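Reviewing the structure listed below.
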Amino acid sequence: GSDSTLQDHLFKVLIIGESGVGKTSIIKQYVYNYFSEQHPANIGADYALKVEKYNKNKVVKLHIWDTAGEEQTGDMASAYYKNASGAIIVFDITRYGTFKEVTKWKNQLETKTAQLNDSAVPCILLANKCDLQEIEDHDKIDEYVTDHGYTTWFETSAKNNLHIDDAFQCLISQMLLTE
Ligand code: GDP
Ligand code: MG
């Protein structure tokens with residue numbers, strides 16, 4: 001019967017944002033349950049693979065693409081964006097400048113994926129390092145996220161493993177919907 005049919009889904013997921021916001025740390029926490037105070041080595045040219053049993057019929061495989069430091073130049077190669085199914089944009093709540101750059105990254109994501117892909121790519125915003133500081137203005141971020149076409153946003157801590165799984169689960173649901 002249909003219940004015994006396992007569906008396999010493969011998604012390429014991008015993690016974008018300014019240098020030092022915690023992109024690599026978020027991937028390492030989610031995929032390897034590991035965190036380090038040191039600047040962790042980037043995943044590199046390759047991706048990290050995470051396999052999730054989404055429900056009893058669906059297995060989801062994520063190819064999570066880190067950057068290799070190109071974010072410092074403000075521009076990523078087209079190969080990075082090609083065939084992406086979803087994206088996560090990260091800022092650091094202790095550095096306001098990294099929030100201001102979020103718009104730049106979202107614009108670049110939209111421009112590149114419009115050139116390379118058939119459809120728009122679902123994107124969520126992460127306010128990371130919330131173990132260090134309180135967010136003062138939730139309403140402002142709510143409004144920003146609505147105005148700029150994000151699925152939603154989460155307060156995360158890669159250090160304390162807060163809302164990291166929730167964020168990926170949410171993105172997976174959205175990618176399954178738009179597949
Ligand atoms: P990337 O350049 O965006 O990949 O950022 P990294 O993952 O290399 O993280 C930069 C620094 O921030 C490292 O020293 C991490 O240990 C630290 N970091 C990352 N996420 C968190 C977090 O949620 N909380 C705290 N306190 N530090 C974090
Ligand atoms: Mg990194």
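By convention here, the chains of the structure tokens are called A, B, ... in the order presented, each chain's residues are numbered starting at 1, and ligands are numbered starting at 1 in the order presented.
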Inset, instruction - Determine, counting only C-alpha atoms, which protein, DNA and RNA residues have an atom within 8 Å of an atom of stretch 117-132 of chain A; residues of the same chain fewer than 3 positions away are not included. Present the result as an MDAnalysis selection string. - result: chainID A and resid 21:22 82:94 110 113:114 135 145 149:160 167 171 174:175 178
N, CA and C atoms of the current selection, written as an mmCIF file, in the first residue's frame:
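The resulting result20.cif:
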```cif
data_model
loop_
_atom_site.group_PDB
_atom_site.id
_atom_site.type_symbol
_atom_site.label_atom_id
_atom_site.label_comp_id
_atom_site.auth_asym_id
_atom_site.auth_seq_id
_atom_site.Cartn_x
_atom_site.Cartn_y
_atom_site.Cartn_z
ATOM 1 N N VAL A 21 28.765 35.656 12.018
ATOM 2 C CA VAL A 21 27.417 35.644 12.618
ATOM 3 C C VAL A 21 27.051 34.271 13.192
ATOM 4 N N GLY A 22 27.782 33.224 12.748
ATOM 5 C CA GLY A 22 27.533 31.879 13.291
ATOM 6 C C GLY A 22 27.017 30.875 12.277
ATOM 7 N N LYS A 82 23.117 27.967 -7.426
ATOM 8 C CA LYS A 82 22.469 27.124 -8.429
ATOM 9 C C LYS A 82 21.749 25.931 -7.802
ATOM 10 N N ASN A 83 20.504 25.723 -8.223
ATOM 11 C CA ASN A 83 19.675 24.600 -7.762
ATOM 12 C C ASN A 83 19.379 24.605 -6.262
ATOM 13 N N ALA A 84 19.447 25.758 -5.648
ATOM 14 C CA ALA A 84 19.105 25.843 -4.227
ATOM 15 C C ALA A 84 17.598 25.650 -4.051
ATOM 16 N N SER A 85 17.220 24.923 -2.993
ATOM 17 C CA SER A 85 15.800 24.713 -2.684
ATOM 18 C C SER A 85 15.320 25.600 -1.549
ATOM 19 N N GLY A 86 16.264 26.060 -0.730
ATOM 20 C CA GLY A 86 15.889 26.876 0.413
ATOM 21 C C GLY A 86 17.096 27.615 0.942
ATOM 22 N N ALA A 87 16.842 28.670 1.718
ATOM 23 C CA ALA A 87 17.946 29.451 2.252
ATOM 24 C C ALA A 87 17.652 29.917 3.668
ATOM 25 N N ILE A 88 18.747 30.079 4.411
ATOM 26 C CA ILE A 88 18.692 30.612 5.763
ATOM 27 C C ILE A 88 19.629 31.809 5.794
ATOM 28 N N ILE A 89 19.098 32.974 6.165
ATOM 29 C CA ILE A 89 19.948 34.147 6.306
ATOM 30 C C ILE A 89 20.111 34.423 7.797
ATOM 31 N N VAL A 90 21.370 34.644 8.195
ATOM 32 C CA VAL A 90 21.706 34.755 9.617
ATOM 33 C C VAL A 90 22.266 36.141 9.916
ATOM 34 N N PHE A 91 21.838 36.717 11.062
ATOM 35 C CA PHE A 91 22.563 37.870 11.594
ATOM 36 C C PHE A 91 22.874 37.621 13.058
ATOM 37 N N ASP A 92 23.768 38.471 13.601
ATOM 38 C CA ASP A 92 24.243 38.333 14.976
ATOM 39 C C ASP A 92 23.584 39.441 15.788
ATOM 40 N N ILE A 93 22.765 39.072 16.778
ATOM 41 C CA ILE A 93 21.992 40.095 17.506
ATOM 42 C C ILE A 93 22.882 41.029 18.324
ATOM 43 N N THR A 94 24.147 40.658 18.512
ATOM 44 C CA THR A 94 25.044 41.552 19.252
ATOM 45 C C THR A 94 25.749 42.559 18.332
ATOM 46 N N GLU A 110 17.692 36.574 -4.167
ATOM 47 C CA GLU A 110 16.570 36.668 -5.104
ATOM 48 C C GLU A 110 17.042 36.866 -6.540
ATOM 49 N N THR A 113 18.888 33.499 -7.736
ATOM 50 C CA THR A 113 18.021 32.341 -7.920
ATOM 51 C C THR A 113 17.012 32.597 -9.040
ATOM 52 N N ALA A 114 16.647 33.853 -9.259
ATOM 53 C CA ALA A 114 15.748 34.162 -10.385
ATOM 54 C C ALA A 114 16.443 33.871 -11.712
ATOM 55 N N ILE A 135 16.679 40.281 22.650
ATOM 56 C CA ILE A 135 16.208 41.097 21.531
ATOM 57 C C ILE A 135 15.192 42.091 22.064
ATOM 58 N N VAL A 145 10.421 40.975 8.420
ATOM 59 C CA VAL A 145 10.304 39.647 7.820
ATOM 60 C C VAL A 145 9.080 39.560 6.901
ATOM 61 N N GLY A 149 9.473 39.209 2.478
ATOM 62 C CA GLY A 149 9.210 37.912 1.857
ATOM 63 C C GLY A 149 9.893 36.716 2.494
ATOM 64 N N TYR A 150 10.129 36.786 3.802
ATOM 65 C CA TYR A 150 10.644 35.610 4.502
ATOM 66 C C TYR A 150 9.482 34.720 4.935
ATOM 67 N N THR A 151 9.744 33.419 5.055
ATOM 68 C CA THR A 151 8.743 32.512 5.607
ATOM 69 C C THR A 151 8.467 32.878 7.058
ATOM 70 N N THR A 152 9.515 33.035 7.837
ATOM 71 C CA THR A 152 9.407 33.453 9.235
ATOM 72 C C THR A 152 10.808 33.719 9.782
ATOM 73 N N TRP A 153 10.901 33.979 11.092
ATOM 74 C CA TRP A 153 12.224 34.137 11.710
ATOM 75 C C TRP A 153 12.260 33.433 13.051
ATOM 76 N N PHE A 154 13.484 33.130 13.510
ATOM 77 C CA PHE A 154 13.689 32.477 14.804
ATOM 78 C C PHE A 154 14.823 33.164 15.542
ATOM 79 N N GLU A 155 14.681 33.204 16.869
ATOM 80 C CA GLU A 155 15.809 33.544 17.727
ATOM 81 C C GLU A 155 16.576 32.249 17.943
ATOM 82 N N THR A 156 17.859 32.241 17.633
ATOM 83 C CA THR A 156 18.626 31.005 17.765
ATOM 84 C C THR A 156 19.883 31.205 18.604
ATOM 85 N N SER A 157 20.372 30.096 19.136
ATOM 86 C CA SER A 157 21.713 30.052 19.682
ATOM 87 C C SER A 157 22.353 28.753 19.226
ATOM 88 N N ALA A 158 23.401 28.889 18.425
ATOM 89 C CA ALA A 158 24.153 27.696 18.021
ATOM 90 C C ALA A 158 24.861 27.122 19.241
ATOM 91 N N LYS A 159 25.221 28.003 20.169
ATOM 92 C CA LYS A 159 25.930 27.560 21.377
ATOM 93 C C LYS A 159 25.034 26.675 22.243
ATOM 94 N N ASN A 160 23.813 27.143 22.517
ATOM 95 C CA ASN A 160 22.898 26.407 23.406
ATOM 96 C C ASN A 160 21.929 25.508 22.651
ATOM 97 N N ALA A 167 14.148 25.674 13.311
ATOM 98 C CA ALA A 167 14.357 26.479 12.102
ATOM 99 C C ALA A 167 14.478 25.575 10.870
ATOM 100 N N LEU A 171 11.925 25.188 7.617
ATOM 101 C CA LEU A 171 12.375 25.343 6.231
ATOM 102 C C LEU A 171 12.052 24.088 5.410
ATOM 103 N N GLN A 174 8.481 24.077 4.383
ATOM 104 C CA GLN A 174 8.254 25.062 3.322
ATOM 105 C C GLN A 174 8.796 24.559 1.976
ATOM 106 N N MET A 175 9.932 23.892 2.006
ATOM 107 C CA MET A 175 10.509 23.369 0.757
ATOM 108 C C MET A 175 9.652 22.236 0.202
ATOM 109 N N THR A 178 6.742 23.850 -1.655
ATOM 110 C CA THR A 178 7.039 24.559 -2.895
ATOM 111 C C THR A 178 7.739 23.670 -3.924
#
```
Inset, instruction - Excluding stretch 58-73 of chain A and any residue of its chain fewer than 4 positions from it, enumerate the residues within 7 Å of it, using only C-alpha atoms, and give them as a list in words. - result: Leu6, Gln7, Asp8, His9, Leu10, Phe11, Lys12, Val13, Leu14, Ile15, Gly17, Glu18, Ser19, Thr24, Asn42, Ile43, Gly44, Ala45, Asp46, Tyr47, Ala48, Leu49, Lys50, Val51, Glu52, Lys53 and Tyr54 of chain A
Legend entry - Residue among A:Ser78, A:Asn107, A:Gln133, A:Asn55 lying closest to ligand 1, counting only C-alpha atoms and all ligand atoms: A:Gln133
Inset, instruction - Give the answer as one residue: which of A:Ala41, A:Phe35, A:Gln29, A:Gln115 has the shortest atom-to-atom distance to ligand 2, using only C-alpha atoms and all ligand atoms? - result: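 Under the stated criterion, the closest residue is A:Ala41.
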Inset, instruction - Step one, run DSSP on the backbone; step two, keep only residues of chain A assigned to strand (DSSP E); then write them as a VMD selection string. - result: chain A and resid 7 to 16 47 to 53 58 to 65 86 to 92 123 to 128 153 to 155
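Between atom CA of A:Ile27 and atom 12 (O, counted along the ligand's line) of ligand 1 there is a distance of 12.4 Å.
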Legend entry - Nearest to ligand 1 by atom-to-atom distance, counting only C-alpha atoms and all ligand atoms, from A:Asp75, A:His163, A:Asp147, A:Gly97: A:His163
Legend entry - Among listed residues A:Thr5, A:Ala77, A:Asn33, A:Pro40, nearest ligand 2 (using only C-alpha atoms and all ligand atoms):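 Closest to ligand 2 of all the choices is A:Pro40.
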Inset, instruction - Rounded to one decimal place, report the atom CA of A:His138-atom CA of A:Lys100 distance in Å. - result: 15.6 Å
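Atom 27 (N, counted along the ligand's line) of ligand 1 to atom CA of A:Lys28 spans 12.6 Å [interatomic distance, one decimal].
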Inset, instruction - Using DSSP on the backbone coordinates, identify the residues of stretch 6-136 of chain A assigned to helix (DSSP H, G or I); present them as a PyMOL selection string. - result: chain A and resi 23-32+70-73+78-81+96-100+102-116
Would you save the residues from that selection as a short mmCIF file (atom, residue, chain, number, x, y, z; two decimals), in the first residue's frame, using N, CA, C and O atoms?
```cif
data_model
loop_
_atom_site.label_atom_id
_atom_site.label_comp_id
_atom_site.auth_asym_id
_atom_site.auth_seq_id
_atom_site.Cartn_x
_atom_site.Cartn_y
_atom_site.Cartn_z
N LYS A 23 27.22 31.15 11.00
CA LYS A 23 26.71 30.24 9.96
C LYS A 23 27.29 28.83 10.11
O LYS A 23 26.55 27.84 10.15
N THR A 24 28.64 28.76 10.20
CA THR A 24 29.28 27.45 10.32
C THR A 24 28.88 26.77 11.63
O THR A 24 28.62 25.56 11.67
N SER A 25 28.76 27.57 12.70
CA SER A 25 28.39 27.01 14.01
C SER A 25 26.98 26.42 13.97
O SER A 25 26.71 25.38 14.61
N ILE A 26 26.07 27.08 13.26
CA ILE A 26 24.70 26.58 13.14
C ILE A 26 24.68 25.24 12.41
O ILE A 26 24.02 24.29 12.85
N ILE A 27 25.44 25.15 11.33
CA ILE A 27 25.50 23.88 10.59
C ILE A 27 26.09 22.79 11.47
O ILE A 27 25.57 21.68 11.56
N LYS A 28 27.18 23.10 12.18
CA LYS A 28 27.85 22.08 12.99
C LYS A 28 26.96 21.62 14.14
O LYS A 28 26.94 20.44 14.48
N GLN A 29 26.21 22.54 14.72
CA GLN A 29 25.29 22.16 15.79
C GLN A 29 24.18 21.26 15.23
O GLN A 29 23.86 20.22 15.81
N TYR A 30 23.62 21.66 14.11
CA TYR A 30 22.49 20.91 13.54
C TYR A 30 22.92 19.53 13.04
O TYR A 30 22.24 18.54 13.28
N VAL A 31 24.05 19.46 12.37
CA VAL A 31 24.45 18.20 11.72
C VAL A 31 25.28 17.31 12.65
O VAL A 31 25.11 16.10 12.66
N TYR A 32 26.18 17.91 13.43
CA TYR A 32 27.12 17.11 14.23
C TYR A 32 26.92 17.27 15.74
O TYR A 32 27.68 16.69 16.52
N GLU A 70 33.77 33.57 1.27
CA GLU A 70 33.48 34.53 0.19
C GLU A 70 32.55 35.62 0.66
O GLU A 70 32.46 36.67 0.00
N GLU A 71 31.83 35.39 1.77
CA GLU A 71 30.90 36.41 2.25
C GLU A 71 31.63 37.71 2.59
O GLU A 71 31.05 38.77 2.62
N GLN A 72 32.95 37.60 2.83
CA GLN A 72 33.73 38.80 3.14
C GLN A 72 33.85 39.73 1.94
O GLN A 72 34.07 40.93 2.10
N THR A 73 33.70 39.19 0.74
CA THR A 73 33.75 40.03 -0.45
C THR A 73 32.35 40.54 -0.81
O THR A 73 32.21 41.36 -1.70
N SER A 78 27.98 32.11 -8.60
CA SER A 78 26.68 31.61 -9.05
C SER A 78 26.50 30.13 -8.72
O SER A 78 25.38 29.68 -8.43
N ALA A 79 27.59 29.36 -8.76
CA ALA A 79 27.52 27.92 -8.46
C ALA A 79 26.93 27.68 -7.08
O ALA A 79 26.26 26.67 -6.84
N TYR A 80 27.19 28.61 -6.17
CA TYR A 80 26.67 28.49 -4.82
C TYR A 80 25.14 28.52 -4.82
O TYR A 80 24.48 27.74 -4.13
N TYR A 81 24.57 29.40 -5.61
CA TYR A 81 23.12 29.60 -5.62
C TYR A 81 22.38 28.60 -6.51
O TYR A 81 21.17 28.42 -6.38
N TYR A 96 24.62 45.06 15.32
CA TYR A 96 23.52 45.59 14.53
C TYR A 96 23.87 45.67 13.04
O TYR A 96 23.02 45.47 12.18
N GLY A 97 25.15 45.94 12.76
CA GLY A 97 25.59 46.03 11.37
C GLY A 97 25.29 44.77 10.56
O GLY A 97 25.03 44.85 9.36
N THR A 98 25.30 43.63 11.22
CA THR A 98 25.05 42.38 10.49
C THR A 98 23.57 42.25 10.13
O THR A 98 23.23 41.57 9.17
N PHE A 99 22.69 42.92 10.88
CA PHE A 99 21.26 42.96 10.53
C PHE A 99 21.04 43.88 9.33
O PHE A 99 20.27 43.58 8.42
N LYS A 100 21.77 44.99 9.32
CA LYS A 100 21.63 45.93 8.20
C LYS A 100 22.03 45.29 6.88
O LYS A 100 21.49 45.63 5.83
N VAL A 102 21.54 42.22 6.04
CA VAL A 102 20.63 41.13 5.70
C VAL A 102 19.88 41.42 4.39
O VAL A 102 19.69 40.54 3.56
N THR A 103 19.49 42.66 4.21
CA THR A 103 18.75 43.05 2.99
C THR A 103 19.60 42.81 1.74
O THR A 103 19.11 42.31 0.72
N LYS A 104 20.88 43.14 1.84
CA LYS A 104 21.81 42.90 0.73
C LYS A 104 21.85 41.42 0.36
O LYS A 104 21.76 41.06 -0.82
N TRP A 105 21.93 40.57 1.37
CA TRP A 105 22.02 39.12 1.12
C TRP A 105 20.71 38.58 0.55
O TRP A 105 20.71 37.72 -0.33
N LYS A 106 19.59 39.10 1.04
CA LYS A 106 18.29 38.64 0.51
C LYS A 106 18.13 39.06 -0.95
O LYS A 106 17.65 38.28 -1.78
N ASN A 107 18.56 40.28 -1.26
CA ASN A 107 18.48 40.75 -2.65
C ASN A 107 19.35 39.89 -3.56
O ASN A 107 18.94 39.53 -4.67
N GLN A 108 20.55 39.58 -3.08
CA GLN A 108 21.45 38.76 -3.89
C GLN A 108 20.86 37.37 -4.11
O GLN A 108 20.89 36.84 -5.22
N LEU A 109 20.27 36.81 -3.05
CA LEU A 109 19.62 35.50 -3.16
C LEU A 109 18.52 35.54 -4.22
O LEU A 109 18.43 34.65 -5.08
N GLU A 110 17.69 36.57 -4.17
CA GLU A 110 16.57 36.67 -5.10
C GLU A 110 17.04 36.87 -6.54
O GLU A 110 16.53 36.24 -7.46
N THR A 111 18.03 37.73 -6.72
CA THR A 111 18.55 37.99 -8.06
C THR A 111 19.16 36.72 -8.66
O THR A 111 18.84 36.33 -9.78
N LYS A 112 20.04 36.08 -7.89
CA LYS A 112 20.76 34.91 -8.42
C LYS A 112 19.81 33.74 -8.66
O LYS A 112 19.93 33.06 -9.68
N THR A 113 18.89 33.50 -7.74
CA THR A 113 18.02 32.34 -7.92
C THR A 113 17.01 32.60 -9.04
O THR A 113 16.61 31.66 -9.72
N ALA A 114 16.65 33.85 -9.26
CA ALA A 114 15.75 34.16 -10.39
C ALA A 114 16.44 33.87 -11.71
O ALA A 114 15.83 33.40 -12.67
N GLN A 115 17.75 34.11 -11.76
CA GLN A 115 18.51 33.83 -12.98
C GLN A 115 18.70 32.34 -13.20
O GLN A 115 18.72 31.85 -14.32
N LEU A 116 18.88 31.60 -12.10
CA LEU A 116 19.36 30.22 -12.21
C LEU A 116 18.29 29.16 -12.02
O LEU A 116 18.42 28.05 -12.51
#
```
Inset, instruction - Identify which of the residues A:Ile16, A:Cys170, A:Ile141, A:Leu176 lies closest to ligand 1, counting only C-alpha atoms and all ligand atoms when measuring atom-to-atom distances. - result: A:Ile16
